[in-house]
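*Asks:* Got a file for you: final-v2.txt, compact mmCIF, C-alpha atoms.
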```txt
# COMPACT_ATOMS: atom_id res chain seq x y z
CA MET A 1452 -75.71 -34.09 -127.05
CA LYS A 1453 -78.23 -31.25 -127.24
CA ASN A 1454 -79.89 -32.43 -124.04
CA ASN A 1455 -76.53 -32.55 -122.27
CA LEU A 1456 -75.70 -29.05 -123.53
CA ASP A 1457 -79.08 -27.72 -122.36
CA LYS A 1458 -78.54 -29.40 -119.02
CA THR A 1459 -75.09 -27.80 -118.68
CA VAL A 1460 -76.44 -24.34 -119.60
CA LYS A 1461 -79.29 -24.70 -117.11
CA GLN A 1462 -76.86 -25.73 -114.36
CA LYS A 1463 -74.65 -22.71 -115.13
CA ASN A 1464 -77.70 -20.41 -115.08
CA ILE A 1465 -78.87 -21.87 -111.76
CA LYS A 1466 -75.37 -21.45 -110.32
CA ARG A 1467 -75.14 -17.88 -111.64
CA THR A 1468 -78.59 -17.05 -110.21
CA SER A 1469 -77.62 -18.57 -106.89
CA GLN A 1470 -74.43 -16.51 -106.82
CA MET A 1471 -76.38 -13.33 -107.66
CA ASN A 1472 -78.90 -14.04 -104.89
CA ASN A 1473 -76.10 -14.67 -102.42
CA SER A 1474 -74.42 -11.47 -103.55
CA ILE A 1475 -77.65 -9.50 -103.06
CA LYS A 1476 -78.18 -11.14 -99.68
CA ASN A 1477 -74.64 -10.30 -98.60
CA THR A 1478 -75.10 -6.71 -99.81
CA ASN A 1479 -78.32 -6.37 -97.87
CA ASN A 1480 -76.64 -7.78 -94.77
CA LYS A 1481 -73.82 -5.30 -95.27
CA ILE A 1482 -76.28 -2.41 -95.56
CA ASP A 1483 -78.09 -3.57 -92.42
CA GLN A 1484 -74.83 -3.78 -90.52
CA ASN A 1485 -73.81 -0.31 -91.69
CA LEU A 1486 -77.15 1.15 -90.64
CA GLU A 1487 -77.03 -0.57 -87.27
CA SER A 1488 -74.11 1.73 -86.46
CA ASN A 1489 -76.66 4.59 -86.43
CA VAL A 1490 -78.08 3.31 -83.15
CA LYS A 1491 -74.64 3.36 -81.54
CA PHE A 1492 -73.82 6.77 -83.00
CA LEU A 1493 -77.13 8.40 -82.04
CA SER A 1494 -76.84 6.89 -78.58
CA SER A 1495 -73.36 8.46 -78.28
CA THR A 1496 -74.54 11.93 -79.31
CA HIS A 1497 -77.60 11.50 -77.11
CA PHE A 1498 -75.22 10.87 -74.22
CA LEU A 1499 -73.27 14.05 -75.03
CA GLY A 1500 -76.47 16.07 -75.38
CA GLY A 1501 -77.75 14.53 -72.16
CA LEU A 1502 -74.80 16.05 -70.29
CA TYR A 1503 -76.14 19.59 -70.69
CA PHE A 1504 -79.82 18.78 -71.29
CA ASN A 1505 -80.12 17.21 -67.84
CA MET A 1506 -78.43 20.29 -66.39
CA LEU A 1507 -81.02 22.45 -68.11
CA TRP A 1508 -83.85 20.26 -66.85
CA ALA A 1509 -82.77 20.98 -63.28
CA ILE A 1510 -81.94 24.69 -63.56
CA ARG A 1511 -84.40 25.98 -66.18
CA GLN A 1512 -87.39 26.81 -64.00
CA PRO A 1513 -85.26 28.17 -61.11
CA PHE A 1514 -83.56 30.34 -63.75
CA PHE A 1515 -86.95 31.59 -64.90
CA LEU A 1516 -87.87 32.41 -61.31
CA SER A 1517 -84.60 34.34 -60.89
CA LEU A 1518 -85.91 36.77 -63.52
CA ASN A 1519 -88.96 37.50 -61.31
CA SER A 1520 -91.30 35.28 -63.31
CA SER A 1521 -94.58 34.05 -61.82
CA MET A 1522 -95.49 30.37 -61.99
CA THR A 1523 -98.25 31.32 -64.44
CA PHE A 1524 -95.62 32.84 -66.76
CA ILE A 1525 -93.39 29.78 -66.29
CA GLY A 1526 -96.37 27.60 -67.18
CA LEU A 1527 -96.86 29.73 -70.29
CA LEU A 1528 -93.21 29.28 -71.27
CA GLU A 1529 -93.46 25.51 -70.77
CA GLY A 1530 -96.69 25.58 -72.78
CA ILE A 1531 -94.82 27.28 -75.62
CA GLY A 1532 -91.62 25.29 -75.87
CA GLY A 1533 -91.40 22.74 -73.09
CA PHE A 1534 -91.71 19.01 -73.54
CA ASN A 1535 -95.50 19.39 -73.69
CA GLY A 1536 -95.43 22.83 -75.35
CA ILE A 1537 -97.26 23.78 -78.54
CA MET A 1538 -94.06 24.28 -80.56
CA THR A 1539 -93.06 20.69 -79.89
CA PRO A 1540 -95.99 18.98 -81.68
CA ILE A 1541 -96.04 21.50 -84.53
CA SER A 1542 -92.32 20.93 -85.10
CA GLN A 1543 -92.76 17.17 -84.92
CA LEU A 1544 -95.63 17.23 -87.40
CA ILE A 1545 -93.59 19.29 -89.86
CA GLY A 1546 -90.49 17.21 -89.22
CA GLY A 1547 -92.28 13.90 -89.65
CA TRP A 1548 -93.87 15.00 -92.92
CA LEU A 1549 -90.69 16.46 -94.39
CA SER A 1550 -88.45 13.61 -93.26
CA ASP A 1551 -90.66 11.08 -95.07
CA LYS A 1552 -90.19 13.11 -98.26
CA ASN A 1553 -86.63 14.41 -98.02
CA GLY A 1554 -84.78 12.05 -95.70
CA ARG A 1555 -84.05 12.06 -91.98
CA LYS A 1556 -80.56 13.48 -91.45
CA LYS A 1557 -81.07 17.12 -92.47
CA TYR A 1558 -83.77 17.62 -89.82
CA VAL A 1559 -81.47 16.30 -87.11
CA ILE A 1560 -79.03 19.03 -88.19
CA ILE A 1561 -81.75 21.73 -88.18
CA ALA A 1562 -82.76 20.68 -84.67
CA SER A 1563 -79.20 21.05 -83.43
CA LEU A 1564 -79.04 24.59 -84.81
CA SER A 1565 -82.36 25.38 -83.07
CA ILE A 1566 -80.98 24.22 -79.71
CA ILE A 1567 -77.89 26.41 -80.13
CA SER A 1568 -80.18 29.39 -80.91
CA ALA A 1569 -82.24 28.68 -77.78
CA MET A 1570 -79.11 28.65 -75.63
CA ILE A 1571 -78.01 31.98 -77.05
CA PHE A 1572 -81.37 33.57 -76.12
CA PHE A 1573 -81.11 32.10 -72.60
CA LEU A 1574 -77.74 33.81 -72.32
CA ILE A 1575 -79.21 37.11 -73.54
CA ALA A 1576 -82.04 36.85 -71.01
CA GLY A 1577 -79.54 36.20 -68.24
CA TYR A 1578 -77.25 39.08 -69.19
CA THR A 1579 -80.07 41.61 -69.63
CA LYS A 1580 -82.26 40.30 -66.77
CA LEU A 1581 -85.22 40.57 -69.16
CA ALA A 1582 -87.68 37.68 -69.05
CA PHE A 1583 -88.97 38.68 -72.50
CA PHE A 1584 -86.05 36.88 -74.16
CA LEU A 1585 -87.21 33.62 -72.62
CA ILE A 1586 -90.05 33.56 -75.16
CA PRO A 1587 -87.87 33.25 -78.31
CA ALA A 1588 -85.57 30.91 -76.36
CA MET A 1589 -88.46 28.54 -75.68
CA LEU A 1590 -89.73 28.90 -79.25
CA PHE A 1591 -86.37 27.67 -80.57
CA PHE A 1592 -86.23 25.04 -77.84
CA GLY A 1593 -89.60 23.66 -78.95
CA ALA A 1594 -88.63 23.90 -82.62
CA SER A 1595 -85.77 21.47 -81.98
CA ALA A 1596 -88.42 18.74 -81.77
CA ILE A 1597 -88.45 18.77 -85.59
CA SER A 1598 -85.85 15.99 -85.33
CA TRP A 1599 -87.81 13.67 -83.01
CA PRO A 1600 -89.68 11.80 -85.78
CA SER A 1601 -86.36 11.49 -87.63
CA PHE A 1602 -84.64 10.04 -84.57
CA ASP A 1603 -87.44 7.54 -84.06
CA SER A 1604 -87.52 6.61 -87.74
CA ILE A 1605 -83.73 6.30 -88.09
CA ILE A 1606 -83.62 3.89 -85.16
CA ALA A 1607 -86.56 1.84 -86.45
CA GLU A 1608 -85.07 1.73 -89.97
CA SER A 1609 -81.56 0.82 -88.84
CA VAL A 1610 -82.46 -2.46 -87.12
CA SER A 1611 -84.69 -5.47 -87.68
CA GLU A 1612 -88.26 -5.28 -86.38
CA GLU A 1613 -87.60 -7.51 -83.39
CA LYS A 1614 -84.80 -5.17 -82.24
CA ILE A 1615 -86.79 -1.93 -82.38
CA ALA A 1616 -87.89 -1.91 -78.74
CA ILE A 1617 -84.45 -2.64 -77.32
CA SER A 1618 -82.87 -0.10 -79.70
CA TYR A 1619 -85.24 2.62 -78.49
CA SER A 1620 -84.37 1.65 -74.94
CA ILE A 1621 -80.62 1.83 -75.63
CA PHE A 1622 -81.04 5.26 -77.23
CA MET A 1623 -83.09 6.55 -74.30
CA PHE A 1624 -80.71 4.93 -71.81
CA ALA A 1625 -77.77 6.84 -73.32
CA GLY A 1626 -79.56 10.16 -72.81
CA VAL A 1627 -80.61 9.27 -69.29
CA VAL A 1628 -77.21 8.12 -67.97
CA PRO A 1629 -75.75 11.67 -67.77
CA GLY A 1630 -78.75 12.52 -65.62
CA ILE A 1631 -77.18 10.44 -62.86
CA PHE A 1632 -74.67 13.22 -62.20
CA SER A 1633 -75.07 16.22 -64.55
CA PRO A 1634 -78.21 17.77 -62.94
CA TYR A 1635 -76.40 18.06 -59.61
CA LEU A 1636 -73.34 19.42 -61.41
CA GLY A 1637 -75.49 21.98 -63.21
CA GLY A 1638 -77.24 22.95 -59.98
CA LYS A 1639 -73.90 23.32 -58.18
CA ILE A 1640 -72.51 25.51 -60.96
CA ALA A 1641 -75.67 27.65 -60.83
CA ASP A 1642 -75.47 28.01 -57.03
CA LEU A 1643 -71.77 28.95 -57.12
CA PHE A 1644 -71.33 30.88 -60.37
CA GLY A 1645 -74.80 31.64 -61.68
CA TYR A 1646 -76.84 30.17 -64.54
CA LEU A 1647 -74.96 31.57 -67.53
CA PRO A 1648 -71.95 29.18 -67.44
CA VAL A 1649 -74.38 26.26 -67.80
CA PHE A 1650 -75.85 27.71 -71.00
CA SER A 1651 -72.35 28.42 -72.37
CA LEU A 1652 -71.36 24.80 -71.72
CA GLY A 1653 -74.53 23.65 -73.48
CA ILE A 1654 -73.65 25.66 -76.59
CA PHE A 1655 -70.16 24.13 -76.71
CA ILE A 1656 -71.43 20.54 -76.38
CA GLU A 1657 -74.21 21.00 -78.94
CA ILE A 1658 -71.78 22.43 -81.49
CA LEU A 1659 -69.65 19.31 -80.98
CA CYS A 1660 -72.71 17.09 -81.51
CA LEU A 1661 -73.62 19.02 -84.67
CA ILE A 1662 -70.18 18.42 -86.18
CA LEU A 1663 -70.35 14.70 -85.39
CA ILE A 1664 -73.85 14.40 -86.87
CA ILE A 1665 -72.78 16.05 -90.12
CA LEU A 1666 -69.77 13.75 -90.43
CA TYR A 1667 -71.01 10.36 -89.25
CA LEU A 1668 -74.82 9.97 -89.21
CA LYS A 1669 -76.06 7.75 -92.08
CA GLU A 1670 -79.28 8.45 -93.96
CA THR A 1671 -81.85 5.62 -93.74
CA LEU A 1672 -84.56 6.74 -96.17
CA PHE A 1673 -83.23 6.30 -99.69
CA ILE A 1674 -86.53 6.11 -101.62
CA LYS A 1675 -87.73 9.68 -101.73
CA ASN A 1676 -91.20 10.90 -102.59
CA LYS A 1677 -91.04 12.43 -106.03
CA GLU A 1678 -93.82 14.91 -105.30
CA ARG A 1679 -92.70 18.48 -104.75
CA SER A 1680 -92.92 19.51 -101.10
CA ASP A 1681 -94.71 22.83 -100.73
CA PHE A 1682 -96.77 24.64 -98.11
CA SER A 1683 -100.10 23.68 -99.67
CA GLN A 1684 -99.21 20.03 -99.12
CA PHE A 1685 -98.50 20.75 -95.48
CA LEU A 1686 -101.91 22.44 -95.11
CA ILE A 1687 -103.46 19.25 -96.48
CA LEU A 1688 -101.43 17.26 -93.96
CA LEU A 1689 -102.55 19.60 -91.18
CA LYS A 1690 -106.16 19.03 -92.18
CA ASP A 1691 -105.57 15.28 -92.46
CA SER A 1692 -104.02 15.26 -88.98
CA PHE A 1693 -107.50 15.66 -87.57
CA LYS A 1694 -108.63 12.56 -89.46
CA ILE A 1695 -107.61 9.77 -87.12
CA PRO A 1696 -107.56 6.24 -88.60
CA LYS A 1697 -110.00 4.00 -86.76
CA ILE A 1698 -107.23 1.66 -85.60
CA LEU A 1699 -105.49 4.59 -83.84
CA ARG A 1700 -108.46 6.44 -82.31
CA ASN A 1701 -108.52 4.79 -78.91
CA PHE A 1702 -104.75 5.05 -78.69
CA TYR A 1703 -104.94 8.79 -79.40
CA ILE A 1704 -107.65 9.36 -76.81
CA ALA A 1705 -105.74 7.60 -74.04
CA THR A 1706 -102.40 9.28 -74.78
CA ILE A 1707 -104.02 12.73 -75.12
CA VAL A 1708 -105.46 12.38 -71.62
CA ASP A 1709 -102.03 11.24 -70.41
CA ILE A 1710 -100.11 14.24 -71.71
CA PHE A 1711 -102.66 16.77 -70.43
CA VAL A 1712 -102.81 15.49 -66.86
CA TRP A 1713 -99.03 15.15 -66.58
CA GLY A 1714 -98.67 18.71 -67.82
CA LEU A 1715 -100.74 20.06 -64.91
CA GLY A 1716 -98.27 19.12 -62.18
CA SER A 1717 -95.06 17.39 -63.22
CA SER A 1718 -94.17 19.81 -66.03
CA ILE A 1719 -93.77 22.71 -63.56
CA LEU A 1720 -92.75 20.67 -60.51
CA PHE A 1721 -89.23 22.07 -60.08
CA GLY A 1722 -90.46 25.65 -60.16
CA MET A 1723 -93.17 24.84 -57.64
CA LEU A 1724 -90.66 23.13 -55.32
CA ARG A 1725 -88.29 26.08 -55.55
CA LYS A 1726 -91.03 28.55 -54.73
CA THR A 1727 -92.88 26.49 -52.08
CA PHE A 1728 -90.05 24.80 -50.18
CA ASN A 1729 -87.15 27.09 -51.21
CA PHE A 1730 -85.00 24.15 -52.31
CA SER A 1731 -81.59 25.18 -53.67
CA VAL A 1732 -80.79 24.59 -57.34
CA SER A 1733 -78.34 21.87 -56.22
CA GLN A 1734 -81.11 20.12 -54.29
CA ILE A 1735 -83.37 20.24 -57.34
CA GLY A 1736 -80.44 18.86 -59.33
CA ILE A 1737 -80.20 15.91 -56.94
CA LEU A 1738 -83.93 15.23 -57.36
CA THR A 1739 -83.36 15.17 -61.11
CA CYS A 1740 -80.44 12.78 -60.59
CA MET A 1741 -82.73 10.41 -58.70
CA ILE A 1742 -85.21 10.45 -61.58
CA SER A 1743 -82.42 9.69 -64.05
CA ILE A 1744 -80.87 6.95 -61.91
CA SER A 1745 -84.22 5.19 -61.77
CA TRP A 1746 -84.78 5.72 -65.50
CA ALA A 1747 -81.31 4.40 -66.35
CA ILE A 1748 -81.60 1.31 -64.14
CA THR A 1749 -85.00 0.27 -65.50
CA GLN A 1750 -84.78 1.41 -69.17
CA ILE A 1751 -83.00 -1.60 -70.73
CA PRO A 1752 -84.92 -4.27 -68.75
CA VAL A 1753 -88.19 -2.60 -69.70
CA GLY A 1754 -87.23 -2.73 -73.39
CA ARG A 1755 -86.66 -6.47 -73.17
CA LEU A 1756 -89.85 -7.03 -71.19
CA ILE A 1757 -91.83 -5.11 -73.84
CA GLU A 1758 -90.54 -7.57 -76.44
CA LYS A 1759 -91.71 -10.46 -74.26
CA PHE A 1760 -95.04 -9.25 -72.83
CA GLY A 1761 -96.19 -6.55 -75.25
CA CYS A 1762 -96.86 -2.83 -74.88
CA LYS A 1763 -100.28 -2.36 -73.27
CA ILE A 1764 -99.39 -3.71 -69.84
CA PHE A 1765 -96.48 -1.27 -69.55
CA LEU A 1766 -98.59 1.73 -70.56
CA ILE A 1767 -100.95 0.86 -67.70
CA LEU A 1768 -98.08 0.19 -65.30
CA SER A 1769 -96.55 3.57 -66.12
CA GLU A 1770 -99.73 5.42 -65.18
CA LEU A 1771 -100.21 3.45 -61.95
CA ILE A 1772 -96.64 4.17 -60.87
CA GLY A 1773 -97.44 7.79 -61.65
CA VAL A 1774 -100.45 7.71 -59.33
CA ILE A 1775 -98.25 6.47 -56.47
CA THR A 1776 -95.60 9.09 -57.28
CA MET A 1777 -98.04 12.00 -57.31
CA PHE A 1778 -99.60 10.81 -54.04
CA GLY A 1779 -96.11 10.77 -52.55
CA PHE A 1780 -95.47 14.34 -53.71
CA LEU A 1781 -98.86 15.36 -52.33
CA ILE A 1782 -98.10 14.19 -48.77
CA SER A 1783 -94.38 15.02 -48.71
CA THR A 1784 -93.14 17.83 -46.47
CA LYS A 1785 -89.41 17.08 -46.29
CA TYR A 1786 -86.72 17.04 -48.94
CA GLU A 1787 -85.91 13.38 -48.21
CA HIS A 1788 -89.49 12.40 -49.05
CA PHE A 1789 -89.24 14.03 -52.47
CA LEU A 1790 -86.00 12.11 -53.11
CA ILE A 1791 -87.77 8.78 -52.59
CA PHE A 1792 -90.71 9.57 -54.84
CA SER A 1793 -88.47 11.11 -57.51
CA PHE A 1794 -86.96 7.64 -57.93
CA LEU A 1795 -90.45 6.30 -58.70
CA TRP A 1796 -91.00 9.15 -61.15
CA GLY A 1797 -88.09 7.87 -63.23
CA MET A 1798 -89.92 4.55 -63.64
CA VAL A 1799 -92.93 6.40 -65.04
CA ALA A 1800 -90.78 7.60 -67.94
CA SER A 1801 -88.85 4.36 -68.51
CA THR A 1802 -92.06 2.34 -68.82
CA TRP A 1803 -93.90 4.88 -70.99
CA VAL A 1804 -91.53 6.31 -73.62
CA PRO A 1805 -90.17 3.16 -75.35
CA THR A 1806 -93.55 1.45 -75.02
CA MET A 1807 -95.48 4.19 -76.82
CA LYS A 1808 -92.84 4.53 -79.55
CA THR A 1809 -92.63 0.79 -80.12
CA LEU A 1810 -96.40 0.41 -80.38
CA ILE A 1811 -96.80 3.19 -82.96
CA ALA A 1812 -93.71 2.07 -84.95
CA ASN A 1813 -95.02 -1.49 -85.16
CA SER A 1814 -98.47 -0.35 -86.27
CA VAL A 1815 -97.63 1.72 -89.39
CA ASP A 1816 -95.82 1.22 -92.69
CA LYS A 1817 -92.13 2.22 -92.80
CA THR A 1818 -92.68 4.95 -95.40
CA LYS A 1819 -95.35 6.56 -93.18
CA ARG A 1820 -93.61 5.98 -89.85
CA GLY A 1821 -92.17 9.48 -89.47
CA GLU A 1822 -95.48 11.09 -90.40
CA ALA A 1823 -97.41 8.82 -88.01
CA ILE A 1824 -95.10 9.63 -85.11
CA GLY A 1825 -95.34 13.32 -85.97
CA LYS A 1826 -99.15 13.20 -86.13
CA LEU A 1827 -99.42 11.46 -82.79
CA SER A 1828 -97.10 13.99 -81.16
CA PHE A 1829 -99.04 16.84 -82.78
CA PHE A 1830 -102.33 15.61 -81.38
CA ARG A 1831 -100.83 15.02 -77.94
CA GLY A 1832 -99.22 18.44 -77.89
CA LEU A 1833 -102.29 20.22 -79.26
CA PHE A 1834 -104.33 19.08 -76.28
CA GLY A 1835 -101.45 19.06 -73.81
CA PHE A 1836 -99.91 22.51 -74.27
CA PRO A 1837 -102.45 24.47 -72.15
CA ALA A 1838 -101.82 22.17 -69.17
CA PRO A 1839 -98.60 23.78 -67.79
CA PHE A 1840 -100.23 27.23 -68.05
CA ILE A 1841 -103.36 25.96 -66.25
CA GLY A 1842 -101.13 24.30 -63.65
CA GLY A 1843 -99.30 27.59 -63.11
CA ILE A 1844 -102.61 29.41 -62.57
CA LEU A 1845 -103.71 26.73 -60.09
CA PHE A 1846 -100.44 27.09 -58.18
CA ASP A 1847 -100.53 30.90 -58.04
CA ASN A 1848 -104.10 30.83 -56.75
CA PHE A 1849 -104.32 27.65 -54.63
CA GLY A 1850 -100.77 26.54 -53.87
CA PHE A 1851 -98.68 23.40 -54.45
CA LYS A 1852 -101.14 20.61 -53.70
CA ILE A 1853 -103.92 21.40 -56.20
CA PRO A 1854 -101.87 20.91 -59.42
CA ILE A 1855 -100.36 17.72 -57.94
CA LEU A 1856 -103.80 16.39 -56.96
CA ALA A 1857 -105.13 17.11 -60.46
CA ASN A 1858 -102.14 15.21 -61.91
CA LEU A 1859 -102.82 12.25 -59.60
CA ILE A 1860 -106.50 11.95 -60.47
CA GLY A 1861 -105.77 12.36 -64.16
CA ALA A 1862 -103.12 9.61 -64.19
CA PHE A 1863 -105.63 7.16 -62.70
CA ILE A 1864 -108.19 8.12 -65.35
CA ALA A 1865 -105.55 7.63 -68.08
CA ALA A 1866 -104.69 4.15 -66.76
CA THR A 1867 -108.38 3.22 -66.83
CA LEU A 1868 -108.78 4.46 -70.40
CA ILE A 1869 -105.73 2.50 -71.57
CA PHE A 1870 -107.11 -0.67 -69.98
CA LEU A 1871 -110.55 -0.22 -71.56
CA LEU A 1872 -109.75 1.27 -74.95
CA ILE A 1873 -106.37 0.02 -76.21
CA HIS A 1874 -106.10 -3.46 -77.74
CA GLU A 1875 -102.89 -5.11 -78.88
CA SER A 1876 -102.18 -8.00 -81.24
CA PRO A 1877 -99.68 -10.76 -80.35
CA LYS A 1878 -97.20 -9.07 -82.71
CA GLY A 1879 -97.21 -5.86 -80.67
CA LYS A 1880 -99.44 -3.90 -83.05
CA LEU A 1881 -102.62 -1.96 -82.34
CA ALA A 1882 -105.75 -4.01 -82.98
CA TYR A 1883 -109.51 -3.41 -83.00
CA LYS A 1884 -109.93 -5.96 -80.26
CA THR A 1885 -107.71 -8.12 -78.09
CA GLN A 1886 -106.38 -11.04 -80.14
```
Take the structure I supplied and represent it as structure tokens, if you would.
*Replies:*
Amino acid sequence: MKNNLDKTVKQKNIKRTSQMNNSIKNTNNKIDQNLESNVKFLSSTHFLGGLYFNMLWAIRQPFFLSLNSSMTFIGLLEGIGGFNGIMTPISQLIGGWLSDKNGRKKYVIIASLSIISAMIFFLIAGYTKLAFFLIPAMLFFGASAISWPSFDSIIAESVSEEKIAISYSIFMFAGVVPGIFSPYLGGKIADLFGYLPVFSLGIFIEILCLILIILYLKETLFIKNKERSDFSQFLILLKDSFKIPKILRNFYIATIVDIFVWGLGSSILFGMLRKTFNFSVSQIGILTCMISISWAITQIPVGRLIEKFGCKIFLILSELIGVITMFGFLISTKYEHFLIFSFLWGMVASTWVPTMKTLIANSVDKTKRGEAIGKLSFFRGLFGFPAPFIGGILFDNFGFKIPILANLIGAFIAATLIFLLIHESPKGKLAYKTQ
């Protein structure tokens, strides 16, 4: 009797435990499904932001030139707040550190406010015809990068590990698609009505994105660091940023070379084309469209190929495509030639961006992912930010071909360094040696 009773109790306990485990499993699946909506939502807002951002990409340097800026000054502005500017890595370092302690969402909101502030200063510069206001505009523009580690971390934390690469590709794809048409639209508006309507449109769209982010973006980091975040901790982080883990050293070296050499020529290309060949803003917009069309066509397939073949091969391929692209720009004399090689340029980006992000995301712990991405971006930007300024000096003194030639040679060196220095495990993580 007692044995039967014990047996019955044990069976009930096993059943209850099984039900609890199933309940937990179902809850976890529900949480995962809820978080997966972040990828779709961020991709949607990235599409909206891409509408005006791609316009800005096409018109920004011609706008700077319209205020009687030299290419050296334009290089300085790009060095401050452009994609390779100094504000970008500093903002990413701060954003990565804070997002690992306080959550991701709030820094996406701060970034949106920074972009709106940048647009307002662009408008002021345009109305007053004073190039001085371009400096605070680019400072705010660079500060918006505070959200980049949060974006990367939210995507990585919203999907399973095997879906990270394709999710990054979908996110990037959504931002690239508007580039198929919006750069030409922005250039046409600038040619017909001036630059200011483009900035006004950008403010309107970004405010819409901000409202949607506040209402619908879900937080992904629920376990918060209990330590108080203060400036002294950031100084420690800043000091620690120069202490590169051995597993990441070769990766840092190769990507630092990459960002510097691409800053010499490509970061100021549209300004150089405007000044050298007198292309209209609409023509520059079409070049940007070609880049985006190529990027959009190849982005998703590249994400799937990364999952199949790993990251290293695509880092090398990106640089080699870049060598061909820069050689094409070097020998081109007609607008049609630049159209062809702009298509190749889009493939440089589509093979590089998701590959680099996937490799670093796979190689660090989740709770340190934002900080790791921020540190990498800080190091890249720290060494890369002088490049646009140097490129501008080279252009003002030696003309169009010298910055492009420097970019070409540097891309080949970067490809060689990646081949020799970076090793990858079968699981897509950085390794000390090829496994």
*Asks:* Calculate how many Å separate CA of Ser1542 (chain A) from CA of Val1627 (chain A), rounding to one decimal.
*Replies:*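 Pair CA of Ser1542 (chain A) / CA of Val1627 (chain A) returns 22.9 Å.
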*Asks:* Hey, what's within 12 Å of Leu1659 (chain A) if we count only C-alpha atoms and toss same-chain stuff fewer than 2 positions away? As a PyMOL selection string, please?
*Replies:* chain A and resi 1495-1497+1499-1500+1560+1563-1564+1567+1652-1657+1661-1666
*Asks:* Would you kindly return, as a list of chain:residue names, each protein, DNA or RNA residue with an atom no farther than 12 Å from any atom of Lys1580 (chain A), considering only C-alpha atoms and excluding same-chain residues fewer than 2 positions away?
*Replies:*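 Near neighbours after the sequence-gap exclusion: A:Phe1514, A:Phe1515, A:Leu1516, A:Ser1517, A:Leu1518, A:Asn1519, A:Ser1520, A:Phe1572, A:Phe1573, A:Leu1574, A:Ile1575, A:Ala1576, A:Gly1577, A:Tyr1578, A:Ala1582, A:Phe1583, A:Phe1584, A:Leu1585, A:Tyr1646, A:Leu1647.
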*Asks:* Would you write out those residues with C-alpha atoms, as a PDB file, in the frame of the given file?
*Replies:*
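What follows is the written file out12.pdb:
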```
ATOM      1  CA  PHE A1514     -83.560  30.340 -63.750  1.00  0.00           C
ATOM      2  CA  PHE A1515     -86.950  31.590 -64.900  1.00  0.00           C
ATOM      3  CA  LEU A1516     -87.870  32.410 -61.310  1.00  0.00           C
ATOM      4  CA  SER A1517     -84.600  34.340 -60.890  1.00  0.00           C
ATOM      5  CA  LEU A1518     -85.910  36.770 -63.520  1.00  0.00           C
ATOM      6  CA  ASN A1519     -88.960  37.500 -61.310  1.00  0.00           C
ATOM      7  CA  SER A1520     -91.300  35.280 -63.310  1.00  0.00           C
ATOM      8  CA  PHE A1572     -81.370  33.570 -76.120  1.00  0.00           C
ATOM      9  CA  PHE A1573     -81.110  32.100 -72.600  1.00  0.00           C
ATOM     10  CA  LEU A1574     -77.740  33.810 -72.320  1.00  0.00           C
ATOM     11  CA  ILE A1575     -79.210  37.110 -73.540  1.00  0.00           C
ATOM     12  CA  ALA A1576     -82.040  36.850 -71.010  1.00  0.00           C
ATOM     13  CA  GLY A1577     -79.540  36.200 -68.240  1.00  0.00           C
ATOM     14  CA  TYR A1578     -77.250  39.080 -69.190  1.00  0.00           C
ATOM     15  CA  ALA A1582     -87.680  37.680 -69.050  1.00  0.00           C
ATOM     16  CA  PHE A1583     -88.970  38.680 -72.500  1.00  0.00           C
ATOM     17  CA  PHE A1584     -86.050  36.880 -74.160  1.00  0.00           C
ATOM     18  CA  LEU A1585     -87.210  33.620 -72.620  1.00  0.00           C
ATOM     19  CA  TYR A1646     -76.840  30.170 -64.540  1.00  0.00           C
ATOM     20  CA  LEU A1647     -74.960  31.570 -67.530  1.00  0.00           C
TER      21      LEU A1647
END
```
*Asks:* Could you please determine the separation between CA of Asp1709 (chain A) and CA of Ser1814 (chain A) in Å, to one decimal place?
*Replies:* 20.0 Å
*Asks:* Point out the residue among A:Gly1761, A:Pro1629, A:Gly1533, A:Pro1696 with the least atom-to-atom distance to Gln1512 (chain A), counting all atoms listed in the file.
*Replies:*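 Nearest candidate to Gln1512 (chain A) out of A:Gly1761, A:Pro1629, A:Gly1533, A:Pro1696: A:Gly1533.
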*Asks:* Which one is closest to Ser1620 (chain A): A:Phe1836, A:Phe1592, A:Trp1746, A:Phe1760? Count all atoms listed in the file.
*Replies:*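 Comparing A:Phe1836, A:Phe1592, A:Trp1746, A:Phe1760 against Ser1620 (chain A), the winner is A:Trp1746.
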*Asks:* List the neighbours of Ile1775 (chain A) out to 12 Å using only C-alpha atoms; skip same-chain residues closer than 2 positions along the sequence, and give me the result as a list in words.
*Replies:*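 So the residues in contact are Leu1768, Ser1769, Glu1770, Leu1771, Ile1772, Gly1773, Met1777, Phe1778, Gly1779, Phe1780, Leu1781, Ile1782, Ile1791, Phe1792, Ser1793, Phe1794, Leu1795, Trp1796, Met1798, Val1799, Ile1855, Leu1856, Asn1858, Leu1859, Ile1860, Ala1862 and Phe1863 of chain A.
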*Asks:* Using only C-alpha atoms, find the one residue out of A:Pro1839, A:Leu1810, A:Tyr1558, A:Ser1521 that sits nearest to Gly1536 (chain A).
*Replies:*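 Nearest to Gly1536 (chain A): A:Pro1839.
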*Asks:* Using CA of Ser1601 (chain A) and CA of Thr1671 (chain A) as the two end points, give the distance in Å to one decimal.
*Replies:* 9.6 Å
*Asks:* Compile the contact shell of Gly1637 (chain A) as a short mmCIF file (atom, residue, chain, number, x, y, z; two decimals) with C-alpha atoms, in the coordinates of the input: residues with an atom at most 8 Å away, counting all atoms listed in the file, same-chain residues fewer than 6 positions apart removed.
*Replies:*
```
data_model
loop_
_atom_site.label_atom_id
_atom_site.label_comp_id
_atom_site.auth_asym_id
_atom_site.auth_seq_id
_atom_site.Cartn_x
_atom_site.Cartn_y
_atom_site.Cartn_z
CA TYR A 1503 -76.14 19.59 -70.69
CA MET A 1506 -78.43 20.29 -66.39
CA LEU A 1507 -81.02 22.45 -68.11
CA ALA A 1509 -82.77 20.98 -63.28
CA ILE A 1510 -81.94 24.69 -63.56
CA VAL A 1649 -74.38 26.26 -67.80
CA SER A 1733 -78.34 21.87 -56.22
CA GLY A 1736 -80.44 18.86 -59.33
#
```
